[in-house]
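Visitor: Got a file for you: input04.txt, compact mmCIF, C-alpha atoms.
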# COMPACT_ATOMS: atom_id res chain seq x y z
CA MET A 1 45.25 8.57 9.63
CA LYS A 2 47.44 7.37 6.82
CA GLY A 3 46.95 3.68 7.72
CA GLU A 4 43.15 4.06 7.69
CA LYS A 5 43.19 5.60 4.23
CA TYR A 6 45.55 2.89 2.97
CA ARG A 7 43.32 0.11 4.26
CA GLN A 8 40.21 1.64 2.64
CA GLY A 9 42.08 1.98 -0.60
CA LEU A 10 42.65 -1.71 -0.58
CA VAL A 11 39.00 -2.46 0.02
CA ILE A 12 37.72 -0.32 -2.87
CA SER A 13 40.04 -0.89 -5.76
CA THR A 14 39.90 1.23 -8.89
CA ILE A 15 38.33 0.02 -12.12
CA LYS A 16 39.37 0.72 -15.67
CA ASP A 17 35.91 0.77 -17.23
CA GLY A 18 32.49 0.50 -15.69
CA THR A 19 30.32 2.13 -13.05
CA VAL A 20 30.98 3.27 -9.52
CA ILE A 21 27.91 3.69 -7.34
CA ASP A 22 28.87 5.82 -4.39
CA HIS A 23 27.00 7.19 -1.38
CA ILE A 24 24.72 4.19 -1.10
CA THR A 25 22.87 4.09 2.20
CA GLY A 26 24.96 1.97 4.58
CA GLY A 27 24.10 -1.72 4.34
CA GLU A 28 22.13 -1.47 1.09
CA ALA A 29 24.88 -2.45 -1.38
CA LEU A 30 23.65 -6.00 -1.90
CA ASN A 31 20.12 -4.77 -2.46
CA VAL A 32 21.41 -2.29 -5.01
CA LEU A 33 23.06 -5.13 -6.90
CA ARG A 34 19.88 -7.14 -6.71
CA ILE A 35 17.65 -4.46 -8.20
CA ILE A 36 19.99 -3.83 -11.09
CA GLY A 37 20.03 -7.52 -11.84
CA ILE A 38 23.54 -8.48 -10.77
CA THR A 39 23.54 -11.86 -9.14
CA GLY A 40 26.15 -14.48 -8.43
CA THR A 41 25.54 -15.98 -11.85
CA THR A 42 26.26 -12.87 -13.92
CA GLN A 43 29.66 -12.13 -15.44
CA GLU A 44 30.45 -8.66 -14.13
CA MET A 45 33.46 -8.07 -11.92
CA VAL A 46 31.99 -6.45 -8.83
CA SER A 47 33.64 -4.84 -5.81
CA ILE A 48 31.58 -4.01 -2.78
CA ALA A 49 32.45 -2.03 0.30
CA THR A 50 29.92 -1.73 3.05
CA ASN A 51 29.74 0.62 6.00
CA VAL A 52 32.65 2.72 4.83
CA LYS A 53 33.20 5.89 6.85
CA SER A 54 31.68 8.94 5.18
CA THR A 55 32.02 12.52 6.34
CA VAL A 56 28.62 13.36 4.81
CA MET A 57 26.62 10.24 5.58
CA GLY A 58 28.39 8.79 8.60
CA LYS A 59 28.70 5.48 6.82
CA LYS A 60 27.99 4.47 3.28
CA ASP A 61 28.33 1.60 0.85
CA VAL A 62 30.21 1.70 -2.44
CA VAL A 63 29.80 -0.63 -5.40
CA LYS A 64 32.09 -0.85 -8.42
CA ILE A 65 31.01 -2.77 -11.47
CA GLY A 66 33.57 -3.50 -14.13
CA ASN A 67 32.81 -3.24 -17.85
CA ARG A 68 29.24 -2.23 -17.42
CA GLU A 69 27.51 1.14 -17.69
CA LEU A 70 24.10 1.42 -16.06
CA SER A 71 21.07 2.60 -17.97
CA ARG A 72 18.98 5.53 -16.78
CA GLU A 73 16.23 3.15 -15.66
CA GLN A 74 18.64 1.08 -13.61
CA VAL A 75 20.00 4.20 -12.03
CA ASP A 76 16.52 5.35 -11.09
CA ARG A 77 15.72 2.03 -9.46
CA ILE A 78 18.61 2.57 -7.12
CA ALA A 79 16.92 5.71 -5.85
CA LEU A 80 14.25 3.59 -4.18
CA ILE A 81 16.69 2.41 -1.52
CA ALA A 82 19.59 4.83 -1.88
CA PRO A 83 18.20 8.26 -2.70
CA ARG A 84 21.58 9.96 -2.12
CA ALA A 85 23.55 7.63 -4.35
CA THR A 86 25.80 9.04 -7.05
CA ILE A 87 26.71 7.21 -10.20
CA ASN A 88 30.11 7.62 -11.83
CA ILE A 89 30.71 6.21 -15.28
CA VAL A 90 34.37 5.30 -15.67
CA ARG A 91 36.22 4.88 -18.94
CA ASP A 92 39.94 4.18 -19.01
CA TYR A 93 40.22 5.10 -15.30
CA ASP A 94 38.61 8.51 -15.80
CA VAL A 95 35.16 9.53 -14.56
CA VAL A 96 33.48 10.63 -17.78
CA GLU A 97 29.97 11.09 -16.42
CA LYS A 98 28.60 11.77 -12.96
CA LYS A 99 24.91 11.61 -12.22
CA GLY A 100 22.56 11.56 -9.27
CA VAL A 101 19.54 9.33 -8.96
CA SER A 102 15.89 10.30 -9.06
CA VAL A 103 12.94 8.24 -8.00
CA PRO A 104 10.76 7.30 -11.00
CA ASP A 105 7.06 8.18 -10.92
CA THR A 106 6.08 4.58 -11.61
CA ILE A 107 7.94 1.48 -10.50
CA ILE A 108 7.14 -1.54 -12.64
CA GLY A 109 8.13 -5.12 -11.92
CA ILE A 110 10.58 -4.32 -9.14
CA VAL A 111 8.59 -4.54 -5.92
CA ARG A 112 6.14 -7.22 -4.80
CA CYS A 113 2.81 -6.03 -3.42
CA PRO A 114 2.57 -7.00 0.27
CA ASN A 115 -1.21 -7.41 0.01
CA PRO A 116 -1.92 -11.14 -0.32
CA CYS A 117 -5.33 -10.33 -1.83
CA CYS A 118 -3.87 -8.22 -4.65
CA ILE A 119 -4.31 -9.60 -8.16
CA THR A 120 -0.56 -9.27 -8.68
CA ASN A 121 -0.08 -12.11 -6.17
CA ALA A 122 -2.39 -14.50 -7.99
CA GLY A 123 -0.03 -15.94 -10.58
CA GLU A 124 -1.34 -13.70 -13.35
CA PRO A 125 0.98 -12.69 -16.22
CA ILE A 126 1.34 -9.08 -15.08
CA GLN A 127 4.08 -7.02 -13.57
CA THR A 128 3.56 -5.22 -10.32
CA ARG A 129 3.11 -1.48 -10.68
CA PHE A 130 3.55 1.11 -7.96
CA VAL A 131 3.14 4.84 -8.15
CA MET A 132 5.45 6.98 -6.04
CA GLU A 133 3.45 9.28 -3.78
CA PRO A 134 4.51 11.29 -0.73
CA ARG A 135 3.02 8.62 1.56
CA GLY A 136 5.03 5.84 -0.13
CA LEU A 137 4.71 3.43 -3.02
CA VAL A 138 1.05 2.88 -3.89
CA CYS A 139 0.03 -0.32 -5.71
CA SER A 140 -1.83 0.54 -8.91
CA TYR A 141 -3.99 -2.54 -8.56
CA CYS A 142 -5.03 -2.66 -4.90
CA ASP A 143 -3.98 0.75 -3.48
CA TRP A 144 -1.77 -0.84 -0.83
CA VAL A 145 0.72 1.69 0.48
CA LEU A 146 4.26 0.45 0.93
CA SER A 147 5.97 3.04 3.05
CA CYS A 148 8.77 1.19 4.81
CA ASP A 149 11.02 -1.83 4.46
CA ILE A 150 10.87 -1.67 0.67
CA THR A 151 13.93 -3.85 0.26
CA SER A 152 12.24 -6.90 1.73
CA HIS A 153 9.61 -6.63 -1.01
CA PHE A 154 11.94 -6.55 -3.98
CA LEU A 155 11.13 -9.20 -6.53
CA MET B 156 -11.44 4.03 -27.33
CA VAL B 157 -12.79 1.21 -25.17
CA LYS B 158 -14.73 2.47 -22.18
CA HIS B 159 -14.34 0.60 -18.89
CA ILE B 160 -16.00 1.20 -15.52
CA ILE B 161 -13.55 0.03 -12.89
CA SER B 162 -13.47 2.45 -10.00
CA THR B 163 -15.56 5.35 -8.72
CA ARG B 164 -12.31 7.02 -7.77
CA ASP B 165 -11.53 7.36 -11.45
CA LEU B 166 -15.02 8.43 -12.52
CA GLU B 167 -15.39 12.17 -12.91
CA ARG B 168 -18.39 13.77 -11.27
CA ASP B 169 -19.73 14.77 -14.68
CA ALA B 170 -19.55 11.16 -15.83
CA ILE B 171 -21.43 10.01 -12.73
CA ASP B 172 -24.11 12.67 -13.22
CA THR B 173 -24.47 11.71 -16.87
CA LEU B 174 -24.96 8.05 -15.98
CA LEU B 175 -27.49 8.91 -13.28
CA ASP B 176 -29.38 11.20 -15.64
CA LYS B 177 -29.48 8.43 -18.20
CA ALA B 178 -30.74 6.00 -15.56
CA ILE B 179 -33.51 8.40 -14.60
CA THR B 180 -34.61 8.68 -18.21
CA ILE B 181 -34.63 4.90 -18.51
CA SER B 182 -36.53 4.44 -15.24
CA LYS B 183 -39.28 6.72 -16.48
CA LYS B 184 -39.66 4.94 -19.77
CA TRP B 185 -37.98 1.70 -20.76
CA PRO B 186 -36.30 2.01 -24.16
CA ASP B 187 -38.61 0.37 -26.69
CA ASN B 188 -36.17 0.27 -29.58
CA ARG B 189 -33.91 -2.51 -28.20
CA PRO B 190 -30.76 -0.36 -28.50
CA LEU B 191 -28.37 -3.23 -27.73
CA GLN B 192 -29.96 -5.80 -30.02
CA GLY B 193 -27.25 -8.10 -31.37
CA LYS B 194 -24.84 -7.29 -28.55
CA ILE B 195 -23.63 -9.94 -26.12
CA LEU B 196 -22.67 -9.32 -22.51
CA GLY B 197 -20.28 -11.74 -20.83
CA LEU B 198 -20.93 -12.44 -17.15
CA LEU B 199 -17.76 -13.62 -15.44
CA PHE B 200 -18.53 -14.19 -11.80
CA PHE B 201 -15.84 -15.89 -9.77
CA GLU B 202 -17.71 -15.20 -6.53
CA PRO B 203 -21.35 -15.76 -5.57
CA SER B 204 -23.79 -13.05 -6.60
CA THR B 205 -27.54 -12.64 -6.82
CA ARG B 206 -28.30 -8.98 -7.41
CA THR B 207 -25.32 -7.92 -9.49
CA ARG B 208 -25.38 -10.92 -11.81
CA MET B 209 -29.14 -11.11 -12.25
CA SER B 210 -29.71 -7.40 -12.59
CA PHE B 211 -26.96 -7.01 -15.20
CA GLU B 212 -28.52 -9.92 -17.08
CA SER B 213 -31.99 -8.46 -16.75
CA ALA B 214 -30.73 -5.03 -17.83
CA MET B 215 -29.05 -6.49 -20.90
CA LEU B 216 -32.15 -8.46 -21.89
CA ARG B 217 -34.34 -5.40 -21.46
CA LEU B 218 -32.03 -3.51 -23.82
CA GLY B 219 -32.44 -6.17 -26.46
CA GLY B 220 -29.07 -7.82 -25.96
CA THR B 221 -28.17 -11.28 -24.75
CA CYS B 222 -25.83 -12.67 -22.11
CA LEU B 223 -23.19 -15.36 -22.01
CA ASN B 224 -22.53 -16.70 -18.57
CA LEU B 225 -19.18 -18.20 -17.67
CA GLY B 226 -20.91 -20.31 -15.06
CA GLY B 227 -19.14 -21.20 -11.87
CA PRO B 228 -15.34 -21.39 -12.03
CA GLU B 229 -15.64 -25.15 -11.48
CA VAL B 230 -17.26 -25.65 -14.89
CA SER B 231 -14.83 -23.48 -16.87
CA SER B 232 -11.15 -23.77 -17.72
CA VAL B 233 -10.42 -21.77 -14.59
CA SER B 234 -10.66 -25.12 -12.79
CA LYS B 235 -7.80 -26.31 -15.02
CA GLY B 236 -5.63 -23.48 -13.82
CA GLU B 237 -6.24 -20.97 -16.61
CA THR B 238 -5.27 -17.46 -15.58
CA LEU B 239 -7.82 -14.69 -15.43
CA ALA B 240 -5.81 -12.82 -18.06
CA ASP B 241 -6.17 -15.71 -20.52
CA THR B 242 -9.84 -16.13 -19.68
CA ILE B 243 -10.40 -12.46 -20.46
CA ARG B 244 -8.54 -12.69 -23.78
CA VAL B 245 -10.50 -15.76 -24.80
CA VAL B 246 -13.89 -14.42 -23.76
CA ASN B 247 -13.11 -11.22 -25.69
CA GLY B 248 -13.73 -13.20 -28.82
CA TYR B 249 -17.24 -14.13 -27.73
CA VAL B 250 -18.73 -10.98 -26.23
CA ASP B 251 -19.08 -7.23 -26.75
CA ALA B 252 -18.62 -6.28 -23.09
CA LEU B 253 -18.13 -8.12 -19.86
CA VAL B 254 -18.94 -7.81 -16.19
CA LEU B 255 -16.34 -9.27 -13.88
CA ARG B 256 -16.63 -10.23 -10.25
CA HIS B 257 -13.49 -11.65 -8.71
CA PRO B 258 -12.16 -12.26 -5.20
CA ARG B 259 -8.87 -10.47 -5.88
CA ILE B 260 -8.48 -6.71 -5.49
CA GLY B 261 -7.41 -5.17 -8.77
CA ALA B 262 -8.81 -8.01 -10.89
CA ALA B 263 -10.98 -5.65 -12.91
CA GLN B 264 -8.10 -3.24 -13.41
CA MET B 265 -5.97 -6.06 -14.71
CA ALA B 266 -8.82 -7.37 -16.87
CA CYS B 267 -9.23 -4.07 -18.66
CA GLU B 268 -5.52 -4.11 -19.51
CA PHE B 269 -6.04 -7.38 -21.38
CA SER B 270 -9.47 -6.67 -22.80
CA ARG B 271 -10.46 -5.29 -26.18
CA VAL B 272 -14.06 -4.92 -25.03
CA PRO B 273 -15.46 -2.82 -22.18
CA VAL B 274 -15.03 -4.23 -18.68
CA ILE B 275 -17.41 -3.36 -15.87
CA ASN B 276 -16.15 -4.10 -12.38
CA GLY B 277 -18.83 -6.15 -10.63
CA GLY B 278 -16.81 -6.25 -7.43
CA ASP B 279 -13.12 -7.02 -6.89
CA GLY B 280 -12.44 -8.53 -3.51
CA SER B 281 -12.56 -5.85 -0.85
CA GLY B 282 -11.67 -3.26 -3.48
CA GLN B 283 -14.54 -1.58 -5.26
CA HIS B 284 -18.06 -2.10 -6.58
CA PRO B 285 -18.82 0.90 -8.80
CA SER B 286 -22.13 -0.28 -10.22
CA GLN B 287 -23.51 -0.66 -6.68
CA THR B 288 -22.35 2.86 -5.93
CA LEU B 289 -24.20 4.26 -8.92
CA ILE B 290 -27.32 2.50 -7.64
CA ASP B 291 -26.73 3.97 -4.18
CA LEU B 292 -26.34 7.47 -5.61
CA PHE B 293 -29.38 7.03 -7.83
CA THR B 294 -31.46 6.01 -4.82
CA ILE B 295 -30.19 8.92 -2.75
CA ARG B 296 -30.94 11.30 -5.59
CA GLU B 297 -34.53 10.12 -5.64
CA SER B 298 -34.88 11.63 -2.17
CA MET B 299 -32.44 14.54 -2.07
CA PRO B 300 -29.69 16.32 -4.01
CA LEU B 301 -26.32 14.62 -3.72
CA ASP B 302 -24.37 17.69 -2.67
CA ASP B 303 -23.16 18.27 0.84
CA ILE B 304 -25.07 15.46 2.55
CA GLN B 305 -24.36 13.75 5.87
CA VAL B 306 -23.90 10.02 5.36
CA GLY B 307 -23.58 7.50 8.16
CA MET B 308 -21.84 4.22 7.42
CA ILE B 309 -22.20 1.40 9.91
CA GLY B 310 -20.78 -2.11 9.86
CA ASP B 311 -17.76 -3.47 8.07
CA LEU B 312 -16.00 -0.68 6.22
CA ASN B 313 -12.72 -2.54 6.01
CA TYR B 314 -13.73 -5.38 3.73
CA GLY B 315 -16.92 -3.76 2.44
CA ARG B 316 -16.13 -2.80 -1.14
CA THR B 317 -19.45 -1.00 -1.58
CA THR B 318 -18.50 1.47 1.14
CA HIS B 319 -15.13 2.19 -0.46
CA SER B 320 -16.72 2.94 -3.83
CA LEU B 321 -19.49 4.99 -2.29
CA ALA B 322 -17.09 7.05 -0.20
CA TYR B 323 -14.95 7.87 -3.24
CA ALA B 324 -18.03 8.95 -5.15
CA LEU B 325 -19.42 11.00 -2.27
CA ALA B 326 -16.12 12.85 -2.04
CA LYS B 327 -16.96 14.38 -5.41
CA TYR B 328 -20.17 15.79 -3.91
CA GLU B 329 -18.55 17.22 -0.77
CA ALA B 330 -20.38 14.90 1.57
CA THR B 331 -19.42 14.23 5.18
CA ILE B 332 -19.14 10.61 6.26
CA HIS B 333 -19.83 9.46 9.81
CA THR B 334 -18.56 5.98 10.59
CA VAL B 335 -19.62 3.51 13.27
CA THR B 336 -17.60 0.31 13.10
CA PRO B 337 -16.26 -2.47 15.30
CA ASP B 338 -12.55 -2.36 16.12
CA GLY B 339 -10.50 -3.36 13.12
CA LEU B 340 -13.34 -2.95 10.63
CA GLY B 341 -12.97 0.75 9.87
CA PHE B 342 -11.85 1.99 6.47
CA PRO B 343 -8.46 0.62 5.38
CA ARG B 344 -5.55 3.01 5.71
CA SER B 345 -5.25 3.36 1.94
CA VAL B 346 -8.90 4.36 1.57
CA ILE B 347 -8.61 6.90 4.40
CA ASP B 348 -5.53 8.42 2.77
CA ASN B 349 -7.19 8.57 -0.63
CA LEU B 350 -10.31 10.15 0.82
CA ALA B 351 -8.17 12.69 2.68
CA ASP B 352 -6.52 13.58 -0.61
CA MET B 353 -10.01 14.14 -2.00
CA ASN B 354 -10.85 16.42 0.97
CA LEU B 355 -13.62 14.17 2.24
CA GLN B 356 -14.34 14.63 5.92
CA ILE B 357 -14.70 11.41 7.94
CA ILE B 358 -15.95 11.55 11.53
CA GLN B 359 -15.81 8.43 13.69
CA HIS B 360 -18.47 7.69 16.31
CA GLN B 361 -18.79 5.05 19.00
CA THR B 362 -22.51 4.44 18.52
CA ILE B 363 -25.05 5.13 15.83
CA GLU B 364 -27.32 6.80 18.41
CA GLU B 365 -24.78 9.63 18.66
CA ILE B 366 -25.33 10.73 15.12
CA VAL B 367 -28.49 9.23 13.62
CA ASP B 368 -30.54 12.42 14.08
CA GLU B 369 -28.05 14.37 11.97
CA LEU B 370 -27.93 12.02 9.03
CA ASP B 371 -29.43 12.30 5.57
CA VAL B 372 -28.42 8.76 4.65
CA LEU B 373 -27.68 5.75 6.84
CA TYR B 374 -25.73 3.15 4.89
CA VAL B 375 -25.79 -0.20 6.67
CA THR B 376 -23.43 -3.01 5.71
CA ARG B 377 -23.14 -6.63 6.68
CA ILE B 378 -20.55 -7.66 9.23
CA GLN B 379 -19.12 -10.81 7.73
CA ARG B 380 -19.04 -13.86 9.98
CA GLU B 381 -15.89 -15.18 8.38
CA ARG B 382 -13.92 -12.21 9.74
CA PHE B 383 -14.29 -13.53 13.29
CA PRO B 384 -12.61 -16.52 14.94
CA ASP B 385 -15.90 -18.04 16.15
CA VAL B 386 -19.63 -17.53 16.02
CA ALA B 387 -19.83 -16.29 19.60
CA SER B 388 -17.43 -13.41 19.03
CA TYR B 389 -19.20 -12.55 15.78
CA LEU B 390 -22.58 -12.43 17.50
CA HIS B 391 -21.15 -10.37 20.34
CA VAL B 392 -19.79 -7.73 17.98
CA ALA B 393 -22.58 -7.80 15.42
CA SER B 394 -25.29 -7.29 18.03
CA GLY B 395 -23.83 -3.87 18.80
CA TYR B 396 -24.28 -2.76 15.20
CA ARG B 397 -27.86 -3.81 14.65
CA ILE B 398 -30.50 -1.34 13.54
CA PHE B 399 -33.88 -1.42 15.32
CA PRO B 400 -37.04 0.62 14.58
CA GLU B 401 -36.70 2.45 17.92
CA LEU B 402 -33.47 4.02 16.71
CA PHE B 403 -35.50 6.24 14.42
CA ASP B 404 -38.16 7.38 16.91
CA ASN B 405 -36.83 10.91 17.10
CA VAL B 406 -35.55 11.30 13.57
CA THR B 407 -36.96 14.41 12.00
CA LYS B 408 -34.84 14.75 8.92
CA ASN B 409 -35.65 13.24 5.58
CA LEU B 410 -33.44 10.27 6.37
CA ILE B 411 -33.12 7.26 4.10
CA ILE B 412 -31.68 3.87 5.06
CA LEU B 413 -29.70 2.00 2.43
CA HIS B 414 -28.07 -1.43 2.39
CA PRO B 415 -26.35 -3.07 -0.58
CA LEU B 416 -27.84 -6.43 0.48
CA PRO B 417 -27.76 -9.26 1.29
CA ARG B 418 -28.45 -8.51 4.92
CA LEU B 419 -28.14 -10.91 7.78
CA ASP B 420 -29.11 -9.62 11.20
CA GLU B 421 -27.91 -6.06 10.93
CA ILE B 422 -31.32 -4.61 10.09
CA ASP B 423 -34.25 -5.74 12.20
CA PRO B 424 -37.18 -6.73 9.94
CA GLY B 425 -39.27 -4.17 11.83
CA VAL B 426 -37.30 -1.43 10.07
CA ASP B 427 -38.53 -2.61 6.67
CA SER B 428 -41.90 -0.94 7.07
CA LEU B 429 -40.52 2.44 8.14
CA PRO B 430 -40.70 5.20 5.53
CA TYR B 431 -36.93 5.59 5.81
CA ALA B 432 -36.19 2.09 4.56
CA LYS B 433 -35.15 2.28 0.91
CA TYR B 434 -32.98 -0.81 0.53
CA PHE B 435 -35.42 -2.84 -1.52
CA ARG B 436 -36.13 0.19 -3.67
CA GLN B 437 -32.35 0.49 -3.97
CA SER B 438 -32.18 -3.09 -5.18
CA ASP B 439 -34.90 -2.44 -7.78
CA ASN B 440 -32.90 0.54 -9.01
CA GLY B 441 -30.21 -1.85 -10.11
CA ILE B 442 -32.02 -2.35 -13.39
CA PRO B 443 -32.22 1.22 -14.76
CA VAL B 444 -28.77 2.05 -13.44
CA ARG B 445 -27.16 -1.00 -15.01
CA MET B 446 -29.10 -0.38 -18.21
CA ALA B 447 -27.57 3.09 -18.25
CA MET B 448 -24.09 1.64 -17.68
CA LEU B 449 -24.49 -0.90 -20.46
CA THR B 450 -25.72 1.65 -22.97
CA ASP B 451 -22.87 3.90 -21.92
CA VAL B 452 -20.11 1.36 -22.59
CA LEU B 453 -21.81 -0.32 -25.56
CA GLY B 454 -23.80 2.50 -27.08
Could you express the structure from this file as structure tokens?

Guide:
Amino acid sequence: MKGEKYRQGLVISTIKDGTVIDHITGGEALNVLRIIGITGTTQEMVSIATNVKSTVMGKKDVVKIGNRELSREQVDRIALIAPRATINIVRDYDVVEKKGVSVPDTIIGIVRCPNPCCITNAGEPIQTRFVMEPRGLVCSYCDWVLSCDITSHFL
Amino acid sequence: MVKHIISTRDLERDAIDTLLDKAITISKKWPDNRPLQGKILGLLFFEPSTRTRMSFESAMLRLGGTCLNLGGPEVSSVSKGETLADTIRVVNGYVDALVLRHPRIGAAQMACEFSRVPVINGGDGSGQHPSQTLIDLFTIRESMPLDDIQVGMIGDLNYGRTTHSLAYALAKYEATIHTVTPDGLGFPRSVIDNLADMNLQIIQHQTIEEIVDELDVLYVTRIQRERFPDVASYLHVASGYRIFPELFDNVTKNLIILHPLPRLDEIDPGVDSLPYAKYFRQSDNGIPVRMAMLTDVLG
């Protein structure tokens, strides 16, 4: 429907320079912003669309960040909660680079260990460290396996 | 490169065998040349300990070295809120190696990341206790080869760090583990998954009577009172996991009974005089094994 397309176009405006993160798992856009360090106090111009209709995913989220290009590490972090996300780098309204995400082997300082007895929850000057295994994220210090609800454990 | 001993999961079988061989050599003849003379071992125990602390100290003294004891946390800067990481960095300036016992899982792993000197894990919460495992293996090896044995574990396998370390080590010798535990005190999920990755077979049983005749080793652990809401429920559960002499009436195999100690009520004193009981021998073995560990990291 023409009206539907028009309304979506209004929601997700174009950007001149920056990054478009597309195909984010529906409802995860705010978590994506959190793990790449964009908060209400940072300066980036950010557009967010959540639960947008997607022919491939059913529904998806889209985030556009003006005047900022994400690093490889930031892109990989996104994979933890949005493994199908695609990253488009935009310069002067053109997509100059398109990349998928891949889950890093080791996730450092991003996720809190749920185990209250883990040394990483004792106020020590260390970053949490998880290794990605088929069964989930495994804490390098206490072996706790984090296999679901990862977003609620983001630092 | 600094050598640490943190986890039996990380120790290669060859490294374990080498340490056990060294311990056997030491047990046959104490070194008379004081190989660690001039070396200082730091003892950082943030939890109570009798055997681990005293036997490491005794082992170090027998090797000609000396020990520096942190004392209880209440008499050190820990009581002022100093982090473990800072304590490790500071103590590094005073000692040549250190043994750490700490209530947090992963404390030893973290310590070795901050330490310039070797760290030996003397027990990290309900994580691991590798030096106890080497003593367990040493004691088993006095009676039988380590390969392909049937090991029963009874008691608290959830919080019992000695059982986690021992299971990881036994996986390298293709053992089979038979478990008898109260509800909720079986191996943690993470340990089960890790052991599965290592192809260790674990068979659960309802009672020890089901399996005792098949075992080469029965490893008994303490069921900790603090895990239960009240004394009555503790006693109710613990009584079902107590070992009596009659349990062994029909045992024909060359069974040995081990316990990392201290024990409470889980082994009836009548078992002590049975030929299968090796837990005090196991405790004695702490000296040669820890001497071997110290010479390994400081030699």

Visitor: Quick one: residues within 12 Å of B:Gln264, all atoms listed in the file counted, chain neighbours fewer than 6 positions away excluded, as a PDB file with C-alpha atoms, in the frame of the given file?

Guide:
ATOM      1  CA  CYS A 118      -3.870  -8.220  -4.650  1.00  0.00           C
ATOM      2  CA  ILE A 119      -4.310  -9.600  -8.160  1.00  0.00           C
ATOM      3  CA  THR A 120      -0.560  -9.270  -8.680  1.00  0.00           C
ATOM      4  CA  ILE A 126       1.340  -9.080 -15.080  1.00  0.00           C
ATOM      5  CA  ARG A 129       3.110  -1.480 -10.680  1.00  0.00           C
ATOM      6  CA  CYS A 139       0.030  -0.320  -5.710  1.00  0.00           C
ATOM      7  CA  SER A 140      -1.830   0.540  -8.910  1.00  0.00           C
ATOM      8  CA  TYR A 141      -3.990  -2.540  -8.560  1.00  0.00           C
ATOM      9  CA  CYS A 142      -5.030  -2.660  -4.900  1.00  0.00           C
ATOM     10  CA  ASP A 143      -3.980   0.750  -3.480  1.00  0.00           C
TER      11      ASP A 143
ATOM     12  CA  HIS B 159     -14.340   0.600 -18.890  1.00  0.00           C
ATOM     13  CA  ILE B 160     -16.000   1.200 -15.520  1.00  0.00           C
ATOM     14  CA  ILE B 161     -13.550   0.030 -12.890  1.00  0.00           C
ATOM     15  CA  SER B 162     -13.470   2.450 -10.000  1.00  0.00           C
ATOM     16  CA  ASP B 165     -11.530   7.360 -11.450  1.00  0.00           C
ATOM     17  CA  LEU B 239      -7.820 -14.690 -15.430  1.00  0.00           C
ATOM     18  CA  ALA B 240      -5.810 -12.820 -18.060  1.00  0.00           C
ATOM     19  CA  ILE B 243     -10.400 -12.460 -20.460  1.00  0.00           C
ATOM     20  CA  LEU B 255     -16.340  -9.270 -13.880  1.00  0.00           C
ATOM     21  CA  ARG B 256     -16.630 -10.230 -10.250  1.00  0.00           C
ATOM     22  CA  HIS B 257     -13.490 -11.650  -8.710  1.00  0.00           C
ATOM     23  CA  SER B 270      -9.470  -6.670 -22.800  1.00  0.00           C
ATOM     24  CA  PRO B 273     -15.460  -2.820 -22.180  1.00  0.00           C
ATOM     25  CA  VAL B 274     -15.030  -4.230 -18.680  1.00  0.00           C
ATOM     26  CA  ILE B 275     -17.410  -3.360 -15.870  1.00  0.00           C
ATOM     27  CA  ASN B 276     -16.150  -4.100 -12.380  1.00  0.00           C
ATOM     28  CA  GLY B 277     -18.830  -6.150 -10.630  1.00  0.00           C
ATOM     29  CA  GLY B 278     -16.810  -6.250  -7.430  1.00  0.00           C
ATOM     30  CA  ASP B 279     -13.120  -7.020  -6.890  1.00  0.00           C
ATOM     31  CA  GLY B 282     -11.670  -3.260  -3.480  1.00  0.00           C
ATOM     32  CA  GLN B 283     -14.540  -1.580  -5.260  1.00  0.00           C
TER      33      GLN B 283
END

Visitor: Extract, using only C-alpha atoms, all DNA, RNA and protein residues at most 10 Å from B:Leu198, discarding same-chain residues fewer than 2 positions from it, and format them as a ChimeraX atom specification.

Guide: /B:195-196,200-201,207-209,211-212,222-226,246,250,252-256,275,277

Visitor: Any chance you could tabulate, as a tab-separated table, the residues of chain B at most 10 Å from chain A with each one's nearest atom pair and distance in Å to one decimal, using all atoms listed in the file, in chain and rising number order?

Guide:
residue	atom	partner	partner_atom	distance
B:Gly236	CA	A:Gly123	CA	9.9
B:Glu237	CA	A:Glu124	CA	9.4
B:Thr238	CA	A:Glu124	CA	5.9
B:Leu239	CA	A:Glu124	CA	6.9
B:Ala240	CA	A:Glu124	CA	6.6
B:Asp241	CA	A:Pro125	CA	8.9
B:His257	CA	A:Ile119	CA	9.4
B:Pro258	CA	A:Cys117	CA	7.9
B:Arg259	CA	A:Ile119	CA	5.2
B:Ile260	CA	A:Cys118	CA	4.9
B:Gly261	CA	A:Tyr141	CA	4.3
B:Ala262	CA	A:Ile119	CA	5.5
B:Ala263	CA	A:Tyr141	CA	8.8
B:Gln264	CA	A:Tyr141	CA	6.4
B:Met265	CA	A:Tyr141	CA	7.4
B:Glu268	CA	A:Ile126	CA	9.6
B:Phe269	CA	A:Ile126	CA	9.9
B:Asp279	CA	A:Ile119	CA	9.3
B:Gly280	CA	A:Cys117	CA	7.5
B:Ser281	CA	A:Cys117	CA	8.6
B:Gly282	CA	A:Cys142	CA	6.8
B:Gln283	CA	A:Cys142	CA	9.6
B:Pro343	CA	A:Trp144	CA	9.2
B:Arg344	CA	A:Val145	CA	8.3
B:Ser345	CA	A:Trp144	CA	6.1
B:Val346	CA	A:Asp143	CA	7.9
B:Asp348	CA	A:Arg135	CA	8.6
B:Asn349	CA	A:Asp143	CA	8.9

Visitor: Find the distance between atom CA of B:Pro415 and atom CA of B:Asp371 and write it in Å to one decimal.

Guide: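 Rounded to one decimal, the two atoms are 16.8 Å apart.
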
Visitor: Compile a residue-level contact table for stretch 57-77 of chain A against stretch 42-46 of chain A at a cut-off of 12 Å, reporting for every qualifying residue the shortest atom pair and its distance in Å to one decimal, with only C-alpha atoms counted, rows ordered by chain and ascending number, as CSV.

Guide:
residue,atom,partner,partner_atom,distance
A:Val62,CA,A:Val46,CA,10.5
A:Val63,CA,A:Val46,CA,7.1
A:Lys64,CA,A:Val46,CA,5.6
A:Ile65,CA,A:Val46,CA,4.6
A:Gly66,CA,A:Met45,CA,5.1
A:Asn67,CA,A:Glu44,CA,7.0
A:Arg68,CA,A:Glu44,CA,7.3
A:Glu69,CA,A:Glu44,CA,10.8
